[in-house]
file input_37.pdb (PDB, C-alpha atoms and all ligand atoms)
MODEL        1
ATOM      1  CA  MET R   1      38.938 -32.846 -30.224
ATOM      2  CA  LYS R   2      39.889 -29.225 -29.589
ATOM      3  CA  PRO R   3      37.256 -27.187 -27.757
ATOM      4  CA  PRO R   4      35.392 -25.029 -30.228
ATOM      5  CA  ASN R   5      36.236 -21.361 -30.084
ATOM      6  CA  ALA R   6      33.000 -19.474 -29.466
ATOM      7  CA  GLU R   7      34.432 -16.065 -30.351
ATOM      8  CA  PHE R   8      35.746 -17.311 -33.654
ATOM      9  CA  GLU R   9      32.360 -18.862 -34.395
ATOM     10  CA  VAL R  10      30.350 -15.739 -33.633
ATOM     11  CA  GLU R  11      32.661 -13.568 -35.714
ATOM     12  CA  CYS R  12      32.650 -16.119 -38.508
ATOM     13  CA  ILE R  13      28.853 -16.316 -38.575
ATOM     14  CA  ARG R  14      28.568 -12.532 -38.643
ATOM     15  CA  ARG R  15      30.897 -12.302 -41.624
ATOM     16  CA  ILE R  16      29.237 -15.174 -43.493
ATOM     17  CA  LEU R  17      25.841 -13.537 -43.086
ATOM     18  CA  ALA R  18      27.390 -10.297 -44.306
ATOM     19  CA  GLY R  19      28.406 -12.026 -47.519
ATOM     20  CA  GLU R  20      31.729 -13.799 -46.941
ATOM     21  CA  ARG R  21      30.193 -17.148 -47.715
ATOM     22  CA  HIS R  22      33.473 -19.016 -48.180
ATOM     23  CA  LEU R  23      34.129 -18.707 -44.426
ATOM     24  CA  PHE R  24      31.452 -21.308 -43.858
ATOM     25  CA  HIS R  25      34.019 -23.984 -44.716
ATOM     26  CA  ASP R  26      36.129 -22.996 -41.700
ATOM     27  CA  LEU R  27      33.094 -22.745 -39.469
ATOM     28  CA  ILE R  28      31.761 -26.218 -40.184
ATOM     29  CA  ARG R  29      35.103 -28.045 -40.404
ATOM     30  CA  PRO R  30      35.568 -28.602 -36.620
ATOM     31  CA  CYS R  31      32.072 -30.179 -36.460
ATOM     32  CA  GLU R  32      32.455 -32.598 -39.366
ATOM     33  CA  ARG R  33      33.665 -35.602 -37.433
ATOM     34  CA  SER R  34      30.998 -35.385 -34.747
ATOM     35  CA  VAL R  35      28.246 -34.885 -37.322
ATOM     36  CA  TYR R  36      29.357 -37.878 -39.334
ATOM     37  CA  PHE R  37      29.696 -40.212 -36.371
ATOM     38  CA  LEU R  38      26.412 -39.172 -34.819
ATOM     39  CA  LEU R  39      24.729 -39.951 -38.126
ATOM     40  CA  TYR R  40      26.688 -43.136 -38.581
ATOM     41  CA  SER R  41      25.533 -44.225 -35.154
ATOM     42  CA  LEU R  42      21.919 -43.525 -36.076
ATOM     43  CA  LEU R  43      21.934 -44.864 -39.616
ATOM     44  CA  ARG R  44      24.590 -47.587 -39.364
ATOM     45  CA  ASN R  45      25.606 -47.163 -42.949
ATOM     46  CA  GLU R  46      28.652 -45.241 -44.175
ATOM     47  CA  ALA R  47      27.253 -43.991 -47.466
ATOM     48  CA  GLU R  48      23.960 -42.909 -45.946
ATOM     49  CA  ALA R  49      25.722 -41.229 -43.015
ATOM     50  CA  GLU R  50      27.934 -39.308 -45.413
ATOM     51  CA  ASP R  51      24.977 -38.202 -47.519
ATOM     52  CA  ALA R  52      23.098 -37.142 -44.389
ATOM     53  CA  ALA R  53      26.180 -35.280 -43.137
ATOM     54  CA  GLN R  54      26.289 -33.293 -46.383
ATOM     55  CA  ASP R  55      22.584 -32.482 -46.142
ATOM     56  CA  THR R  56      23.123 -31.429 -42.539
ATOM     57  CA  ALA R  57      25.928 -29.046 -43.495
ATOM     58  CA  ILE R  58      23.723 -27.489 -46.171
ATOM     59  CA  LYS R  59      20.834 -27.073 -43.731
ATOM     60  CA  VAL R  60      23.193 -25.453 -41.240
ATOM     61  CA  TYR R  61      24.316 -23.056 -43.952
ATOM     62  CA  GLN R  62      20.765 -22.229 -45.000
ATOM     63  CA  ASN R  63      19.618 -21.701 -41.409
ATOM     64  CA  LEU R  64      22.678 -19.933 -40.112
ATOM     65  CA  ARG R  65      20.801 -16.744 -39.282
ATOM     66  CA  ASN R  66      18.580 -18.751 -36.918
ATOM     67  CA  PHE R  67      21.492 -19.698 -34.681
ATOM     68  CA  ARG R  68      20.864 -17.828 -31.440
ATOM     69  CA  GLY R  69      24.066 -18.534 -29.608
ATOM     70  CA  ASP R  70      22.303 -19.850 -26.516
ATOM     71  CA  SER R  71      24.047 -23.190 -27.041
ATOM     72  CA  GLN R  72      27.429 -24.011 -28.490
ATOM     73  CA  PHE R  73      27.497 -23.875 -32.259
ATOM     74  CA  ARG R  74      28.502 -27.536 -32.475
ATOM     75  CA  THR R  75      25.580 -28.531 -30.237
ATOM     76  CA  TRP R  76      23.203 -26.706 -32.538
ATOM     77  CA  VAL R  77      24.757 -28.362 -35.575
ATOM     78  CA  LEU R  78      24.454 -31.768 -33.943
ATOM     79  CA  SER R  79      20.787 -31.301 -33.173
ATOM     80  CA  ILE R  80      20.237 -30.502 -36.859
ATOM     81  CA  ALA R  81      22.192 -33.645 -37.729
ATOM     82  CA  ARG R  82      20.105 -35.691 -35.327
ATOM     83  CA  ASN R  83      16.868 -34.408 -36.883
ATOM     84  CA  GLU R  84      18.236 -35.224 -40.303
ATOM     85  CA  GLY R  85      19.071 -38.761 -39.162
ATOM     86  CA  LEU R  86      15.723 -39.314 -37.462
ATOM     87  CA  GLY R  87      13.902 -37.975 -40.504
ATOM     88  CA  ARG R  88      15.680 -40.485 -42.701
ATOM     89  CA  LEU R  89      14.861 -43.338 -40.341
ATOM     90  CA  ARG R  90      11.233 -42.273 -40.334
ATOM     91  CA  LYS R  91      11.139 -42.104 -44.109
ATOM     92  CA  ALA R  92      12.665 -45.552 -44.348
ATOM     93  CA  GLY R  93       9.856 -46.799 -42.156
ATOM     94  CA  SER R  94      12.299 -47.862 -39.523
ATOM     95  CA  ARG R  95      11.020 -48.203 -36.014
ATOM     96  CA  ARG R  96      14.437 -47.706 -34.518
ATOM     97  CA  GLU R  97      13.678 -44.083 -33.721
ATOM     98  CA  ASP R  98      11.149 -45.244 -31.124
ATOM     99  CA  SER R  99      13.792 -46.929 -29.060
ATOM    100  CA  LEU R 100      15.967 -43.836 -29.451
ATOM    101  CA  ASP R 101      13.505 -41.434 -27.973
ATOM    102  CA  ALA R 102      12.258 -43.703 -25.237
ATOM    103  CA  GLU R 103      13.867 -42.920 -21.939
ATOM    104  CA  MET R 104      13.740 -46.562 -21.171
ATOM    105  CA  ASP R 105      15.246 -47.684 -17.950
ATOM    106  CA  ASP R 106      16.256 -51.263 -18.500
ATOM    107  CA  SER R 107      17.930 -51.644 -15.166
ATOM    108  CA  THR R 108      17.389 -55.370 -15.480
ATOM    109  CA  GLY R 109      20.470 -55.654 -17.680
ATOM    110  CA  ASP R 110      23.658 -57.155 -16.369
ATOM    111  CA  TYR R 111      26.129 -54.386 -15.708
ATOM    112  CA  THR R 112      28.572 -56.270 -13.545
ATOM    113  CA  PRO R 113      32.099 -55.874 -14.867
ATOM    114  CA  ALA R 114      34.509 -58.555 -15.965
ATOM    115  CA  ILE R 115      36.258 -59.579 -12.768
ATOM    116  CA  LEU R 116      40.014 -59.263 -12.926
ATOM    117  CA  THR R 117      42.681 -59.188 -10.280
ATOM    118  CA  SER R 118      45.243 -57.219 -12.228
ATOM    119  CA  TRP R 119      45.384 -55.057 -15.314
ATOM    120  CA  ARG R 120      48.298 -54.290 -17.581
ATOM    121  CA  GLU R 121      47.816 -50.978 -19.347
ATOM    122  CA  VAL R 122      47.294 -51.160 -23.126
ATOM    123  CA  PRO R 123      49.103 -48.067 -24.479
ATOM    124  CA  PHE R 124      48.086 -45.931 -27.472
ATOM    125  CA  GLU R 125      50.980 -47.432 -29.428
ATOM    126  CA  ALA R 126      49.080 -50.706 -29.478
ATOM    127  CA  LEU R 127      46.616 -49.077 -31.898
ATOM    128  CA  GLU R 128      49.289 -49.441 -34.562
ATOM    129  CA  ARG R 129      48.007 -52.983 -34.725
ATOM    130  CA  LYS R 130      44.877 -52.755 -36.833
ATOM    131  CA  GLU R 131      43.189 -55.632 -35.026
ATOM    132  CA  LEU R 132      42.954 -53.607 -31.843
ATOM    133  CA  GLY R 133      40.986 -50.842 -33.558
ATOM    134  CA  ALA R 134      38.759 -53.480 -35.147
ATOM    135  CA  ILE R 135      38.062 -55.108 -31.777
ATOM    136  CA  LEU R 136      37.178 -51.746 -30.208
ATOM    137  CA  ARG R 137      34.934 -50.764 -33.120
ATOM    138  CA  LYS R 138      33.137 -54.088 -33.071
ATOM    139  CA  ALA R 139      32.427 -53.793 -29.350
ATOM    140  CA  ILE R 140      31.033 -50.266 -29.734
ATOM    141  CA  GLU R 141      28.995 -51.139 -32.793
ATOM    142  CA  GLY R 142      27.533 -54.058 -30.870
ATOM    143  CA  LEU R 143      26.151 -51.799 -28.145
ATOM    144  CA  PRO R 144      22.394 -51.134 -28.059
ATOM    145  CA  GLU R 145      21.645 -47.966 -29.988
ATOM    146  CA  ILE R 146      20.810 -45.744 -27.021
ATOM    147  CA  TYR R 147      24.146 -46.576 -25.419
ATOM    148  CA  ARG R 148      26.175 -46.402 -28.590
ATOM    149  CA  ASN R 149      25.097 -42.817 -29.306
ATOM    150  CA  VAL R 150      26.150 -41.692 -25.873
ATOM    151  CA  VAL R 151      29.539 -43.441 -26.005
ATOM    152  CA  LEU R 152      30.128 -41.988 -29.412
ATOM    153  CA  LEU R 153      29.570 -38.414 -28.344
ATOM    154  CA  ARG R 154      30.988 -38.613 -24.819
ATOM    155  CA  ASP R 155      33.952 -40.951 -25.128
ATOM    156  CA  ILE R 156      34.826 -40.843 -28.806
ATOM    157  CA  GLU R 157      34.033 -37.238 -29.691
ATOM    158  CA  GLU R 158      34.788 -36.170 -26.099
ATOM    159  CA  MET R 159      31.786 -33.869 -25.740
ATOM    160  CA  ASP R 160      30.661 -32.886 -22.257
ATOM    161  CA  VAL R 161      27.525 -34.257 -20.591
ATOM    162  CA  ARG R 162      25.470 -31.169 -21.298
ATOM    163  CA  GLU R 163      26.348 -30.972 -24.967
ATOM    164  CA  THR R 164      25.691 -34.689 -25.400
ATOM    165  CA  ALA R 165      22.291 -34.387 -23.710
ATOM    166  CA  THR R 166      21.281 -31.470 -25.929
ATOM    167  CA  ALA R 167      22.497 -33.124 -29.125
ATOM    168  CA  LEU R 168      20.638 -36.356 -28.373
ATOM    169  CA  GLY R 169      17.556 -34.707 -26.903
ATOM    170  CA  ILE R 170      17.812 -36.572 -23.584
ATOM    171  CA  THR R 171      18.429 -35.473 -20.014
ATOM    172  CA  GLU R 172      21.887 -35.138 -18.493
ATOM    173  CA  GLY R 173      20.916 -37.845 -16.025
ATOM    174  CA  ALA R 174      20.109 -40.214 -18.878
ATOM    175  CA  VAL R 175      23.487 -39.455 -20.478
ATOM    176  CA  LYS R 176      25.284 -40.425 -17.274
ATOM    177  CA  VAL R 177      23.280 -43.609 -16.680
ATOM    178  CA  ARG R 178      23.673 -44.763 -20.270
ATOM    179  CA  LEU R 179      27.346 -43.947 -20.332
ATOM    180  CA  HIS R 180      27.895 -45.891 -17.146
ATOM    181  CA  ARG R 181      26.131 -48.948 -18.540
ATOM    182  CA  ALA R 182      27.832 -48.691 -21.887
ATOM    183  CA  ARG R 183      31.262 -48.531 -20.275
ATOM    184  CA  ALA R 184      30.410 -51.503 -18.076
ATOM    185  CA  VAL R 185      29.341 -53.532 -21.116
ATOM    186  CA  LEU R 186      32.491 -52.488 -22.987
ATOM    187  CA  GLN R 187      34.751 -53.373 -20.070
ATOM    188  CA  LYS R 188      33.124 -56.771 -19.764
ATOM    189  CA  GLU R 189      33.396 -57.459 -23.462
ATOM    190  CA  LEU R 190      36.856 -55.995 -24.012
ATOM    191  CA  ALA R 191      38.858 -56.701 -20.878
ATOM    192  CA  PRO R 192      39.341 -60.383 -21.716
ATOM    193  CA  LYS R 193      40.361 -59.490 -25.294
ATOM    194  CA  LEU R 194      42.763 -56.622 -24.649
ATOM    195  CA  GLY R 195      45.252 -58.495 -22.493
ATOM    196  CA  GLY R 196      47.253 -59.588 -25.517
ATOM    197  CA  PHE R 197      47.817 -55.957 -26.540
ATOM    198  CA  ALA R 198      49.573 -54.938 -23.334
ATOM    199  CA  PRO R 199      53.367 -54.894 -23.360
ATOM    200  CA  LYS R 200      54.757 -58.153 -22.091
ATOM    201  CA  ARG R 201      57.152 -56.516 -19.670
ATOM    202  CA  LYS R 202      57.454 -52.990 -18.413
ATOM    203  CA  GLY R 203      59.243 -50.779 -20.874
ATOM    204  CA  LEU R 204      59.385 -53.387 -23.589
ATOM    205  CA  PHE R 205      56.795 -53.552 -26.322
ATOM    206  CA  GLY R 206      55.467 -57.016 -27.001
ATOM    207  CA  TRP R 207      54.688 -56.334 -30.635
ATOM    208  CA  ALA R 208      58.260 -56.458 -31.830
ATOM    209  CA  ARG R 209      58.694 -55.170 -35.349
TER
ATOM    210  CA  MET J   1      30.884 -47.900   7.070
ATOM    211  CA  ARG J   2      33.033 -49.563   4.446
ATOM    212  CA  ILE J   3      31.584 -49.679   0.970
ATOM    213  CA  ASP J   4      31.563 -52.966  -0.910
ATOM    214  CA  CYS J   5      32.729 -53.836  -4.431
ATOM    215  CA  LYS J   6      29.263 -53.585  -5.977
ATOM    216  CA  HIS J   7      28.933 -50.091  -4.605
ATOM    217  CA  VAL J   8      32.251 -49.142  -6.184
ATOM    218  CA  TRP J   9      31.239 -50.554  -9.589
ATOM    219  CA  GLU J  10      28.068 -48.476  -9.536
ATOM    220  CA  HIS J  11      30.140 -45.322  -9.385
ATOM    221  CA  ILE J  12      33.044 -46.267 -11.635
ATOM    222  CA  SER J  13      31.922 -44.219 -14.612
ATOM    223  CA  ALA J  14      31.242 -41.130 -12.498
ATOM    224  CA  TYR J  15      34.546 -41.683 -10.672
ATOM    225  CA  ILE J  16      36.445 -41.729 -13.974
ATOM    226  CA  ASP J  17      34.719 -38.499 -15.022
ATOM    227  CA  GLY J  18      35.470 -36.843 -11.682
ATOM    228  CA  GLU J  19      31.779 -36.553 -10.899
ATOM    229  CA  VAL J  20      31.598 -38.172  -7.465
ATOM    230  CA  ASP J  21      31.566 -35.944  -4.410
ATOM    231  CA  GLU J  22      34.572 -35.730  -2.156
ATOM    232  CA  ALA J  23      33.222 -38.019   0.587
ATOM    233  CA  LEU J  24      32.389 -40.808  -1.848
ATOM    234  CA  ARG J  25      35.673 -40.358  -3.673
ATOM    235  CA  GLY J  26      37.461 -40.831  -0.365
ATOM    236  CA  GLU J  27      35.511 -44.016   0.341
ATOM    237  CA  ILE J  28      36.259 -45.390  -3.094
ATOM    238  CA  ASP J  29      39.940 -44.497  -2.852
ATOM    239  CA  ARG J  30      40.183 -46.299   0.491
ATOM    240  CA  HIS J  31      38.464 -49.331  -0.953
ATOM    241  CA  LEU J  32      40.783 -49.355  -3.970
ATOM    242  CA  GLU J  33      43.850 -49.407  -1.734
ATOM    243  CA  THR J  34      42.997 -52.877  -0.530
ATOM    244  CA  CYS J  35      40.814 -54.347  -3.290
ATOM    245  CA  GLU J  36      42.749 -55.597  -6.290
ATOM    246  CA  ILE J  37      39.564 -56.557  -8.124
ATOM    247  CA  CYS J  38      38.079 -53.080  -8.056
ATOM    248  CA  SER J  39      41.470 -51.578  -8.913
ATOM    249  CA  ALA J  40      41.689 -53.816 -11.974
ATOM    250  CA  VAL J  41      38.085 -53.081 -12.953
ATOM    251  CA  LEU J  42      38.727 -49.358 -12.674
ATOM    252  CA  ASP J  43      42.030 -49.513 -14.579
ATOM    253  CA  SER J  44      40.579 -51.632 -17.371
ATOM    254  CA  THR J  45      37.481 -49.456 -17.720
ATOM    255  CA  ARG J  46      39.576 -46.314 -17.841
ATOM    256  CA  ASN J  47      41.938 -47.940 -20.331
ATOM    257  CA  VAL J  48      39.012 -48.717 -22.649
ATOM    258  CA  VAL J  49      37.663 -45.166 -22.335
ATOM    259  CA  VAL J  50      41.071 -43.719 -23.209
ATOM    260  CA  LEU J  51      41.691 -46.044 -26.153
ATOM    261  CA  VAL J  52      38.351 -45.500 -27.906
ATOM    262  CA  ALA J  53      38.952 -41.748 -27.915
ATOM    263  CA  ASP J  54      41.920 -42.197 -30.238
ATOM    264  CA  ASP J  55      41.143 -40.931 -33.741
ATOM    265  CA  ARG J  56      42.513 -44.135 -35.240
ATOM    266  CA  VAL J  57      39.639 -46.183 -33.808
ATOM    267  CA  PHE J  58      36.898 -44.412 -35.736
ATOM    268  CA  GLU J  59      38.159 -42.753 -38.890
ATOM    269  CA  LEU J  60      36.169 -40.707 -41.353
ATOM    270  CA  PRO J  61      35.760 -42.397 -44.736
ATOM    271  CA  ALA J  62      38.592 -41.491 -47.125
ATOM    272  CA  GLY J  63      37.775 -38.281 -48.996
ATOM    273  CA  PHE J  64      34.821 -37.449 -46.766
ATOM    274  CA  SER J  65      35.900 -33.893 -46.060
ATOM    275  CA  GLU J  66      36.800 -33.114 -49.683
ATOM    276  CA  ARG J  67      33.422 -34.333 -50.918
ATOM    277  CA  LEU J  68      31.576 -32.398 -48.218
ATOM    278  CA  HIS J  69      33.270 -29.111 -49.032
ATOM    279  CA  ALA J  70      32.885 -29.609 -52.773
ATOM    280  CA  ARG J  71      29.147 -30.116 -52.246
ATOM    281  CA  LEU J  72      29.019 -27.000 -50.062
ATOM    282  CA  ASP J  73      30.751 -24.993 -52.779
ATOM    283  CA  ARG J  74      28.172 -26.100 -55.320
ATOM    284  CA  GLU J  75      25.366 -25.264 -52.914
ATOM    285  CA  MET J  76      26.710 -21.799 -52.104
ATOM    286  CA  GLU J  77      27.185 -21.027 -55.758
ATOM    287  CA  ARG J  78      23.601 -21.989 -56.471
ATOM    288  CA  ALA J  79      22.305 -19.980 -53.541
ATOM    289  CA  GLY J  80      24.435 -17.025 -54.644
ATOM    290  CA  SER J  81      23.176 -16.985 -58.206
ATOM    291  CA  GLY J  82      19.570 -17.675 -57.311
TER
HETATM  292 ZN    ZN F   1      36.315 -54.126  -4.402
ENDMDL
END

call {"tool": "encode", "arguments": {"input": "input_37.pdb", "output": "structure tokens"}}
result
Amino acid sequence: MKPPNAEFEVECIRRILAGERHLFHDLIRPCERSVYFLLYSLLRNEAEAEDAAQDTAIKVYQNLRNFRGDSQFRTWVLSIARNEGLGRLRKAGSRREDSLDAEMDDSTGDYTPAILTSWREVPFEALERKELGAILRKAIEGLPEIYRNVVLLRDIEEMDVRETATALGITEGAVKVRLHRARAVLQKELAPKLGGFAPKRKGLFGWAR
Amino acid sequence: MRIDCKHVWEHISAYIDGEVDEALRGEIDRHLETCEICSAVLDSTRNVVVLVADDRVFELPAGFSERLHARLDREMERAGSG
């Protein structure tokens, strides 16, 4: 994800508020992916996440004059998305939000990695095989909620620690601890499965066409 | 004092993100030179982190963006006329 351009955003917001409403499309476009995946992580349902993403975009539009510029625009948008997601969970009577807000420290979990003695790099090209993407998605979706959110924003949307902490309403320390545990769980789960996606020999791709 | 494997694993995530201080980084680097297990754990963890960031792993639903902007257009029109 390209870093958002703060100058462009400020100028864009000024012009939108002055009446050039159509510019809102360009303003919100770079945030779309992160908004959707944050909501998908919370709601775990594609249709509901999409609906919530649309409602979020509309709320951002309606509240644009309240944006103070003391955080990045995307961070502000994501905190609106998070509130939208939590509100929907609350309405649905789900208790999942409790576990989200709790700064629980379950250090009793097993975060030892899968022990290997060598690793052959799995290159990006391997993602041309759909099964690899499916294996990665399944592992991430299987993470406990509080870890999945952090992985999603940090490793998938490539947001920095501070932005992730603000968007999720947790401390930067919690982001780092959760990310560490999530990566350990992913390594343990995925390392034994990814071996088959590495090229058989150096310079030669195993997945011959 | 030499650090052990467990100690290295505790800092792997921070190491990948470049968030360990110089002294610890030096210790870890020295450990990695001689420990094939920790080297493989580090390489595999980093490999996973790099792969999941690829846009092909998590894709937006088809037509997501078009539907979002169409809804925004309707909303802005309503707000404009109201
Ligand atoms: Zn070691």

call {"tool": "interface_residues", "arguments": {"input": "input_37.pdb", "of": "chain J", "to": "chain R", "cutoff": "7 Å", "atoms": "only C-alpha atoms", "output": "PyMOL selection string"}}
result
chain J and resi 13+36-37+40-41+43-45+47-49+51-53+57+60+68-69+72

call {"tool": "residues_near_ligand", "arguments": {"input": "input_37.pdb", "ligand": "ligand ZN 1 (chain F)", "cutoff": "12 Å", "atoms": "only C-alpha atoms and all ligand atoms", "output": "PyMOL selection string"}}
result
(chain R and resi 113+115-117) or (chain J and resi 2-12+27-42)

call {"tool": "write_last_selection", "arguments": {"input": "input_37.pdb", "atoms": "C-alpha atoms", "output": "tab-separated table (two decimals), keeping the file's coordinate frame"}}
result
chain	number	residue	atom	x	y	z
R	113	PRO	CA	32.10	-55.87	-14.87
R	115	ILE	CA	36.26	-59.58	-12.77
R	116	LEU	CA	40.01	-59.26	-12.93
R	117	THR	CA	42.68	-59.19	-10.28
J	2	ARG	CA	33.03	-49.56	4.45
J	3	ILE	CA	31.58	-49.68	0.97
J	4	ASP	CA	31.56	-52.97	-0.91
J	5	CYS	CA	32.73	-53.84	-4.43
J	6	LYS	CA	29.26	-53.58	-5.98
J	7	HIS	CA	28.93	-50.09	-4.61
J	8	VAL	CA	32.25	-49.14	-6.18
J	9	TRP	CA	31.24	-50.55	-9.59
J	10	GLU	CA	28.07	-48.48	-9.54
J	11	HIS	CA	30.14	-45.32	-9.38
J	12	ILE	CA	33.04	-46.27	-11.64
J	27	GLU	CA	35.51	-44.02	0.34
J	28	ILE	CA	36.26	-45.39	-3.09
J	29	ASP	CA	39.94	-44.50	-2.85
J	30	ARG	CA	40.18	-46.30	0.49
J	31	HIS	CA	38.46	-49.33	-0.95
J	32	LEU	CA	40.78	-49.36	-3.97
J	33	GLU	CA	43.85	-49.41	-1.73
J	34	THR	CA	43.00	-52.88	-0.53
J	35	CYS	CA	40.81	-54.35	-3.29
J	36	GLU	CA	42.75	-55.60	-6.29
J	37	ILE	CA	39.56	-56.56	-8.12
J	38	CYS	CA	38.08	-53.08	-8.06
J	39	SER	CA	41.47	-51.58	-8.91
J	40	ALA	CA	41.69	-53.82	-11.97
J	41	VAL	CA	38.08	-53.08	-12.95
J	42	LEU	CA	38.73	-49.36	-12.67

call {"tool": "atom_distance", "arguments": {"input": "input_37.pdb", "atom1": "CA of Phe67 (chain R)", "atom2": "CA of Glu84 (chain R)"}}
result
16.8 Å

call {"tool": "atom_distance", "arguments": {"input": "input_37.pdb", "atom1": "CA of Arg82 (chain R)", "atom2": "CA of Tyr147 (chain R)"}}
result
15.3 Å

call {"tool": "closest_residue", "arguments": {"input": "input_37.pdb", "among": "R:Arg68, R:Arg90, R:Arg178, R:Lys200", "to": "Leu143 (chain R)", "atoms": "all atoms listed in the file"}}
result
R:Arg178

call {"tool": "atom_distance", "arguments": {"input": "input_37.pdb", "atom1": "CA of Asn149 (chain R)", "atom2": "CA of Val35 (chain R)"}}
result
11.7 Å

call {"tool": "closest_residue", "arguments": {"input": "input_37.pdb", "among": "R:Leu89, R:Val60, R:Leu42, R:Val77", "to": "Val150 (chain R)", "atoms": "all atoms listed in the file"}}
result
R:Leu42
